[in-house]
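A.B. asks: My structure is stored as run.txt, with compact mmCIF, N, CA and C atoms.
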```txt
# COMPACT_ATOMS: atom_id res chain seq x y z
N MET A 1 -2.20 0.63 63.61
CA MET A 1 -2.79 0.43 62.32
C MET A 1 -1.77 -0.14 61.34
N GLY A 2 -0.60 0.45 61.33
CA GLY A 2 0.44 -0.02 60.41
C GLY A 2 0.84 -1.46 60.69
N ILE A 3 0.95 -1.79 61.95
CA ILE A 3 1.31 -3.17 62.32
C ILE A 3 0.23 -4.14 61.87
N GLU A 4 -1.02 -3.74 62.04
CA GLU A 4 -2.14 -4.59 61.61
C GLU A 4 -2.10 -4.82 60.10
N LEU A 5 -1.87 -3.78 59.34
CA LEU A 5 -1.79 -3.93 57.88
C LEU A 5 -0.63 -4.82 57.47
N LYS A 6 0.54 -4.60 58.07
CA LYS A 6 1.70 -5.41 57.73
C LYS A 6 1.50 -6.87 58.12
N THR A 7 0.89 -7.11 59.27
CA THR A 7 0.61 -8.48 59.70
C THR A 7 -0.32 -9.17 58.71
N ARG A 8 -1.34 -8.47 58.27
CA ARG A 8 -2.28 -9.05 57.30
C ARG A 8 -1.60 -9.33 55.96
N ALA A 9 -0.74 -8.42 55.56
CA ALA A 9 -0.04 -8.63 54.29
C ALA A 9 0.84 -9.87 54.35
N LEU A 10 1.52 -10.08 55.46
CA LEU A 10 2.39 -11.23 55.61
C LEU A 10 1.60 -12.53 55.81
N SER A 11 0.53 -12.47 56.61
CA SER A 11 -0.19 -13.69 56.96
C SER A 11 -1.02 -14.24 55.82
N ARG A 12 -1.41 -13.41 54.91
CA ARG A 12 -2.24 -13.88 53.80
C ARG A 12 -1.42 -14.50 52.68
N ASP A 13 -0.12 -14.46 52.80
CA ASP A 13 0.75 -15.00 51.77
C ASP A 13 0.35 -14.45 50.40
N SER A 14 -0.03 -13.20 50.39
CA SER A 14 -0.55 -12.57 49.19
C SER A 14 0.51 -11.87 48.36
N GLY A 15 1.69 -11.75 48.91
CA GLY A 15 2.71 -10.99 48.22
C GLY A 15 2.49 -9.49 48.35
N ALA A 16 1.56 -9.09 49.21
CA ALA A 16 1.27 -7.68 49.41
C ALA A 16 2.37 -7.03 50.24
N ALA A 17 2.53 -5.75 50.03
CA ALA A 17 3.46 -4.95 50.83
C ALA A 17 2.71 -3.73 51.33
N VAL A 18 3.18 -3.18 52.44
CA VAL A 18 2.58 -1.98 52.99
C VAL A 18 3.67 -0.92 53.06
N THR A 19 3.41 0.22 52.40
CA THR A 19 4.37 1.31 52.38
C THR A 19 3.62 2.61 52.73
N PHE A 20 4.32 3.71 52.64
CA PHE A 20 3.67 5.01 52.79
C PHE A 20 4.06 5.85 51.58
N TRP A 21 3.40 6.99 51.42
CA TRP A 21 3.64 7.82 50.25
C TRP A 21 3.62 9.28 50.66
N ARG A 22 4.55 10.03 50.10
CA ARG A 22 4.61 11.46 50.37
C ARG A 22 5.23 12.19 49.19
N THR A 23 4.68 13.35 48.86
CA THR A 23 5.23 14.16 47.76
C THR A 23 6.21 15.18 48.33
N VAL A 24 6.97 15.79 47.45
CA VAL A 24 7.91 16.84 47.88
C VAL A 24 7.17 18.07 48.39
N THR A 25 5.90 18.22 48.00
CA THR A 25 5.11 19.36 48.46
C THR A 25 4.39 19.09 49.77
N GLY A 26 4.51 17.87 50.30
CA GLY A 26 3.96 17.57 51.61
C GLY A 26 2.68 16.77 51.64
N ALA A 27 2.09 16.48 50.49
CA ALA A 27 0.90 15.61 50.49
C ALA A 27 1.36 14.21 50.86
N GLU A 28 0.60 13.55 51.72
CA GLU A 28 1.00 12.20 52.12
C GLU A 28 -0.20 11.32 52.39
N VAL A 29 0.01 10.04 52.21
CA VAL A 29 -0.98 9.01 52.54
C VAL A 29 -0.31 8.12 53.58
N ASP A 30 -1.04 7.80 54.64
CA ASP A 30 -0.46 7.05 55.75
C ASP A 30 0.07 5.68 55.33
N PHE A 31 -0.70 4.95 54.53
CA PHE A 31 -0.30 3.62 54.09
C PHE A 31 -0.75 3.36 52.66
N VAL A 32 0.02 2.55 51.96
CA VAL A 32 -0.38 2.08 50.64
C VAL A 32 -0.28 0.56 50.66
N TRP A 33 -1.40 -0.10 50.43
CA TRP A 33 -1.47 -1.56 50.35
C TRP A 33 -1.14 -1.91 48.90
N GLU A 34 0.03 -2.48 48.67
CA GLU A 34 0.51 -2.77 47.32
C GLU A 34 0.41 -4.26 47.03
N THR A 35 -0.31 -4.60 45.96
CA THR A 35 -0.39 -5.98 45.49
C THR A 35 0.07 -6.01 44.04
N ALA A 36 0.12 -7.19 43.48
CA ALA A 36 0.52 -7.32 42.08
C ALA A 36 -0.47 -6.65 41.14
N LYS A 37 -1.74 -6.58 41.56
CA LYS A 37 -2.79 -6.04 40.69
C LYS A 37 -3.09 -4.56 40.91
N GLU A 38 -2.97 -4.10 42.14
CA GLU A 38 -3.33 -2.70 42.41
C GLU A 38 -2.69 -2.18 43.69
N ASP A 39 -2.71 -0.87 43.81
CA ASP A 39 -2.28 -0.18 45.03
C ASP A 39 -3.50 0.51 45.62
N ILE A 40 -3.69 0.38 46.93
CA ILE A 40 -4.83 1.01 47.60
C ILE A 40 -4.29 1.97 48.66
N PRO A 41 -4.45 3.28 48.44
CA PRO A 41 -4.02 4.24 49.45
C PRO A 41 -4.98 4.22 50.64
N VAL A 42 -4.42 4.26 51.85
CA VAL A 42 -5.21 4.18 53.08
C VAL A 42 -4.81 5.35 53.98
N GLU A 43 -5.77 6.20 54.27
CA GLU A 43 -5.56 7.32 55.19
C GLU A 43 -6.25 6.99 56.51
N VAL A 44 -5.60 7.26 57.62
CA VAL A 44 -6.16 6.97 58.95
C VAL A 44 -6.53 8.29 59.61
N LYS A 45 -7.78 8.37 60.07
CA LYS A 45 -8.27 9.57 60.76
C LYS A 45 -8.93 9.17 62.06
N TRP A 46 -8.80 9.99 63.09
CA TRP A 46 -9.38 9.70 64.39
C TRP A 46 -10.87 10.06 64.44
N THR A 47 -11.37 10.73 63.47
CA THR A 47 -12.72 11.26 63.48
C THR A 47 -13.82 10.20 63.45
N GLU A 48 -14.96 10.54 64.03
CA GLU A 48 -16.17 9.71 63.92
C GLU A 48 -17.04 10.18 62.76
N ASN A 49 -16.74 11.37 62.24
CA ASN A 49 -17.52 11.98 61.17
C ASN A 49 -16.62 12.37 60.01
N PRO A 50 -16.21 11.40 59.20
CA PRO A 50 -15.31 11.72 58.09
C PRO A 50 -15.99 12.61 57.05
N ARG A 51 -15.18 13.44 56.43
CA ARG A 51 -15.66 14.37 55.40
C ARG A 51 -14.85 14.17 54.13
N PRO A 52 -15.35 14.62 53.01
CA PRO A 52 -14.58 14.49 51.76
C PRO A 52 -13.18 15.10 51.85
N GLU A 53 -13.02 16.15 52.65
CA GLU A 53 -11.70 16.77 52.81
C GLU A 53 -10.68 15.80 53.40
N ASP A 54 -11.15 14.84 54.18
CA ASP A 54 -10.25 13.84 54.77
C ASP A 54 -9.64 12.93 53.72
N ALA A 55 -10.22 12.93 52.54
CA ALA A 55 -9.75 12.06 51.46
C ALA A 55 -8.91 12.80 50.42
N ARG A 56 -8.58 14.05 50.68
CA ARG A 56 -7.91 14.84 49.63
C ARG A 56 -6.57 14.27 49.19
N HIS A 57 -5.76 13.78 50.11
CA HIS A 57 -4.46 13.23 49.71
C HIS A 57 -4.62 11.85 49.06
N VAL A 58 -5.63 11.12 49.47
CA VAL A 58 -5.94 9.85 48.80
C VAL A 58 -6.32 10.14 47.36
N GLU A 59 -7.13 11.16 47.15
CA GLU A 59 -7.52 11.55 45.79
C GLU A 59 -6.30 11.98 44.97
N THR A 60 -5.37 12.70 45.60
CA THR A 60 -4.14 13.09 44.91
C THR A 60 -3.37 11.86 44.45
N PHE A 61 -3.23 10.88 45.32
CA PHE A 61 -2.55 9.62 44.97
C PHE A 61 -3.26 8.95 43.79
N LEU A 62 -4.59 8.86 43.87
CA LEU A 62 -5.36 8.22 42.80
C LEU A 62 -5.19 8.96 41.47
N ASP A 63 -5.12 10.28 41.52
CA ASP A 63 -4.91 11.06 40.29
C ASP A 63 -3.54 10.81 39.68
N LEU A 64 -2.53 10.65 40.54
CA LEU A 64 -1.16 10.47 40.05
C LEU A 64 -0.87 9.06 39.54
N TYR A 65 -1.61 8.06 40.03
CA TYR A 65 -1.35 6.66 39.67
C TYR A 65 -2.62 5.96 39.20
N PRO A 66 -3.27 6.47 38.15
CA PRO A 66 -4.56 5.92 37.73
C PRO A 66 -4.51 4.48 37.22
N ARG A 67 -3.38 4.03 36.74
CA ARG A 67 -3.29 2.64 36.25
C ARG A 67 -3.17 1.64 37.39
N ARG A 68 -2.57 2.04 38.49
CA ARG A 68 -2.34 1.14 39.62
C ARG A 68 -3.36 1.33 40.75
N ALA A 69 -3.94 2.52 40.84
CA ALA A 69 -4.83 2.83 41.97
C ALA A 69 -6.15 3.40 41.46
N ARG A 70 -7.22 2.70 41.75
CA ARG A 70 -8.54 3.13 41.30
C ARG A 70 -9.49 3.42 42.46
N ARG A 71 -9.10 3.03 43.67
CA ARG A 71 -9.95 3.25 44.84
C ARG A 71 -9.06 3.47 46.05
N GLY A 72 -9.62 4.10 47.07
CA GLY A 72 -8.88 4.36 48.28
C GLY A 72 -9.77 4.28 49.50
N LEU A 73 -9.14 4.27 50.66
CA LEU A 73 -9.87 4.14 51.93
C LEU A 73 -9.46 5.21 52.92
N VAL A 74 -10.42 5.63 53.72
CA VAL A 74 -10.16 6.40 54.93
C VAL A 74 -10.66 5.52 56.07
N VAL A 75 -9.76 5.10 56.93
CA VAL A 75 -10.11 4.26 58.07
C VAL A 75 -10.28 5.19 59.27
N CYS A 76 -11.43 5.09 59.93
CA CYS A 76 -11.73 6.04 61.00
C CYS A 76 -12.64 5.41 62.05
N ARG A 77 -13.15 6.22 62.96
CA ARG A 77 -14.00 5.74 64.04
C ARG A 77 -15.49 5.85 63.71
N ALA A 78 -15.82 6.00 62.44
CA ALA A 78 -17.23 6.07 62.04
C ALA A 78 -17.94 4.78 62.40
N SER A 79 -19.24 4.86 62.61
CA SER A 79 -20.01 3.67 63.00
C SER A 79 -20.40 2.81 61.80
N LYS A 80 -20.35 3.40 60.59
CA LYS A 80 -20.69 2.63 59.39
C LYS A 80 -19.92 3.19 58.20
N ARG A 81 -19.91 2.43 57.11
CA ARG A 81 -19.25 2.85 55.88
C ARG A 81 -19.90 4.11 55.32
N GLN A 82 -19.06 4.96 54.72
CA GLN A 82 -19.56 6.17 54.08
C GLN A 82 -18.76 6.43 52.82
N GLN A 83 -19.43 6.70 51.73
CA GLN A 83 -18.75 7.05 50.49
C GLN A 83 -18.39 8.53 50.57
N LEU A 84 -17.10 8.85 50.62
CA LEU A 84 -16.67 10.24 50.76
C LEU A 84 -16.57 10.94 49.42
N THR A 85 -16.06 10.21 48.43
CA THR A 85 -15.96 10.71 47.06
C THR A 85 -16.29 9.54 46.15
N ASP A 86 -16.26 9.77 44.86
CA ASP A 86 -16.54 8.69 43.92
C ASP A 86 -15.59 7.51 44.09
N ARG A 87 -14.36 7.80 44.53
CA ARG A 87 -13.33 6.75 44.59
C ARG A 87 -12.86 6.41 45.99
N VAL A 88 -13.33 7.12 47.00
CA VAL A 88 -12.82 6.93 48.36
C VAL A 88 -13.96 6.59 49.32
N LEU A 89 -13.76 5.47 50.01
CA LEU A 89 -14.73 4.97 50.98
C LEU A 89 -14.16 5.11 52.38
N ALA A 90 -14.96 5.63 53.30
CA ALA A 90 -14.57 5.67 54.72
C ALA A 90 -15.14 4.42 55.37
N ILE A 91 -14.29 3.71 56.14
CA ILE A 91 -14.74 2.50 56.82
C ILE A 91 -14.35 2.56 58.29
N PRO A 92 -15.16 1.92 59.15
CA PRO A 92 -14.78 1.82 60.57
C PRO A 92 -13.52 0.99 60.75
N TRP A 93 -12.81 1.23 61.83
CA TRP A 93 -11.57 0.52 62.14
C TRP A 93 -11.76 -1.00 62.05
N ASP A 94 -12.87 -1.48 62.60
CA ASP A 94 -13.05 -2.95 62.68
C ASP A 94 -13.38 -3.60 61.34
N GLU A 95 -13.53 -2.83 60.29
CA GLU A 95 -13.77 -3.41 58.96
C GLU A 95 -12.50 -3.52 58.13
N LEU A 96 -11.41 -3.09 58.68
CA LEU A 96 -10.17 -3.13 57.92
C LEU A 96 -9.78 -4.54 57.56
```
Please express the file's structure as structure tokens.
C.D. replies:
Amino acid sequence: MGIELKTRALSRDSGAAVTFWRTVTGAEVDFVWETAKEDIPVEVKWTENPRPEDARHVETFLDLYPRRARRGLVVCRASKRQQLTDRVLAIPWDEL
């Protein structure tokens, strides 16, 4: 997943970067897609049935950086898109 995100960031000549995020208390987001306009936290889950709890660290990131991050993603094995919270969307792997 990380390689795919980094490849897309480089190939689109978008100036995007892919990083990760972690707090001193242990909350972490697998990837952050950083562009000049916004940061999008991306959590990766193996589940076919994502739940709002799967988005908790994405929500933490969004709370801490409201000017740069307004939406987030959970990438998983679901068969279709699902809105997990007001700000976090779960998407199938192939929609990344």
A.B. asks: Which value, in Å to one decimal, gives the distance between atom N of Val88 of chain A and atom C of Gly72 of chain A?
C.D. replies: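 Atom C of Gly72 of chain A lies 5.2 Å from atom N of Val88 of chain A.
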A.B. asks: Write out as a ChimeraX atom specification each polymer residue whose atoms come within 6 Å of segment 32-49 of chain A, counting only N, CA and C atoms; drop sequence neighbours fewer than 2 positions from it.
C.D. replies: /A:15-21,29-30,51,58,68-79
A.B. asks: Could the residues in this selection be saved with N, CA and C atoms as an mmCIF file, keeping the file's coordinate frame?
C.D. replies:
```
data_model
loop_
_atom_site.group_PDB
_atom_site.id
_atom_site.type_symbol
_atom_site.label_atom_id
_atom_site.label_comp_id
_atom_site.auth_asym_id
_atom_site.auth_seq_id
_atom_site.Cartn_x
_atom_site.Cartn_y
_atom_site.Cartn_z
ATOM 1 N N GLY A 15 1.690 -11.750 48.910
ATOM 2 C CA GLY A 15 2.710 -10.990 48.220
ATOM 3 C C GLY A 15 2.490 -9.490 48.350
ATOM 4 N N ALA A 16 1.560 -9.090 49.210
ATOM 5 C CA ALA A 16 1.270 -7.680 49.410
ATOM 6 C C ALA A 16 2.370 -7.030 50.240
ATOM 7 N N ALA A 17 2.530 -5.750 50.030
ATOM 8 C CA ALA A 17 3.460 -4.950 50.830
ATOM 9 C C ALA A 17 2.710 -3.730 51.330
ATOM 10 N N VAL A 18 3.180 -3.180 52.440
ATOM 11 C CA VAL A 18 2.580 -1.980 52.990
ATOM 12 C C VAL A 18 3.670 -0.920 53.060
ATOM 13 N N THR A 19 3.410 0.220 52.400
ATOM 14 C CA THR A 19 4.370 1.310 52.380
ATOM 15 C C THR A 19 3.620 2.610 52.730
ATOM 16 N N PHE A 20 4.320 3.710 52.640
ATOM 17 C CA PHE A 20 3.670 5.010 52.790
ATOM 18 C C PHE A 20 4.060 5.850 51.580
ATOM 19 N N TRP A 21 3.400 6.990 51.420
ATOM 20 C CA TRP A 21 3.640 7.820 50.250
ATOM 21 C C TRP A 21 3.620 9.280 50.660
ATOM 22 N N VAL A 29 0.010 10.040 52.210
ATOM 23 C CA VAL A 29 -0.980 9.010 52.540
ATOM 24 C C VAL A 29 -0.310 8.120 53.580
ATOM 25 N N ASP A 30 -1.040 7.800 54.640
ATOM 26 C CA ASP A 30 -0.460 7.050 55.750
ATOM 27 C C ASP A 30 0.070 5.680 55.330
ATOM 28 N N ARG A 51 -15.180 13.440 56.430
ATOM 29 C CA ARG A 51 -15.660 14.370 55.400
ATOM 30 C C ARG A 51 -14.850 14.170 54.130
ATOM 31 N N VAL A 58 -5.630 11.120 49.470
ATOM 32 C CA VAL A 58 -5.940 9.850 48.800
ATOM 33 C C VAL A 58 -6.320 10.140 47.360
ATOM 34 N N ARG A 68 -2.570 2.040 38.490
ATOM 35 C CA ARG A 68 -2.340 1.140 39.620
ATOM 36 C C ARG A 68 -3.360 1.330 40.750
ATOM 37 N N ALA A 69 -3.940 2.520 40.840
ATOM 38 C CA ALA A 69 -4.830 2.830 41.970
ATOM 39 C C ALA A 69 -6.150 3.400 41.460
ATOM 40 N N ARG A 70 -7.220 2.700 41.750
ATOM 41 C CA ARG A 70 -8.540 3.130 41.300
ATOM 42 C C ARG A 70 -9.490 3.420 42.460
ATOM 43 N N ARG A 71 -9.100 3.030 43.670
ATOM 44 C CA ARG A 71 -9.950 3.250 44.840
ATOM 45 C C ARG A 71 -9.060 3.470 46.050
ATOM 46 N N GLY A 72 -9.620 4.100 47.070
ATOM 47 C CA GLY A 72 -8.880 4.360 48.280
ATOM 48 C C GLY A 72 -9.770 4.280 49.500
ATOM 49 N N LEU A 73 -9.140 4.270 50.660
ATOM 50 C CA LEU A 73 -9.870 4.140 51.930
ATOM 51 C C LEU A 73 -9.460 5.210 52.920
ATOM 52 N N VAL A 74 -10.420 5.630 53.720
ATOM 53 C CA VAL A 74 -10.160 6.400 54.930
ATOM 54 C C VAL A 74 -10.660 5.520 56.070
ATOM 55 N N VAL A 75 -9.760 5.100 56.930
ATOM 56 C CA VAL A 75 -10.110 4.260 58.070
ATOM 57 C C VAL A 75 -10.280 5.190 59.270
ATOM 58 N N CYS A 76 -11.430 5.090 59.930
ATOM 59 C CA CYS A 76 -11.730 6.040 61.000
ATOM 60 C C CYS A 76 -12.640 5.410 62.050
ATOM 61 N N ARG A 77 -13.150 6.220 62.960
ATOM 62 C CA ARG A 77 -14.000 5.740 64.040
ATOM 63 C C ARG A 77 -15.490 5.850 63.710
ATOM 64 N N ALA A 78 -15.820 6.000 62.440
ATOM 65 C CA ALA A 78 -17.230 6.070 62.040
ATOM 66 C C ALA A 78 -17.940 4.780 62.400
ATOM 67 N N SER A 79 -19.240 4.860 62.610
ATOM 68 C CA SER A 79 -20.010 3.670 63.000
ATOM 69 C C SER A 79 -20.400 2.810 61.800
#
```
A.B. asks: Report as a ChimeraX atom specification: the residues of chain A with a DSSP assignment of strand (DSSP E or B), based on the backbone of this structure.
C.D. replies: /A:17-22,28-34,39-44,72-76,82-83,88-92
A.B. asks: What residues in chain A get the DSSP label alpha helix (DSSP H)? Please answer as a PyMOL selection string.
C.D. replies: chain A and resi 2-11+56-64
A.B. asks: Interatomic distance between atom CA of Leu96 of chain A and atom CA of Pro66 of chain A?
C.D. replies: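 Distance reported for this atom pair: 22.8 Å.
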A.B. asks: Do you have the atom N of Asp63 of chain A-atom C of Gln83 of chain A distance handy?
C.D. replies: 16.2 Å
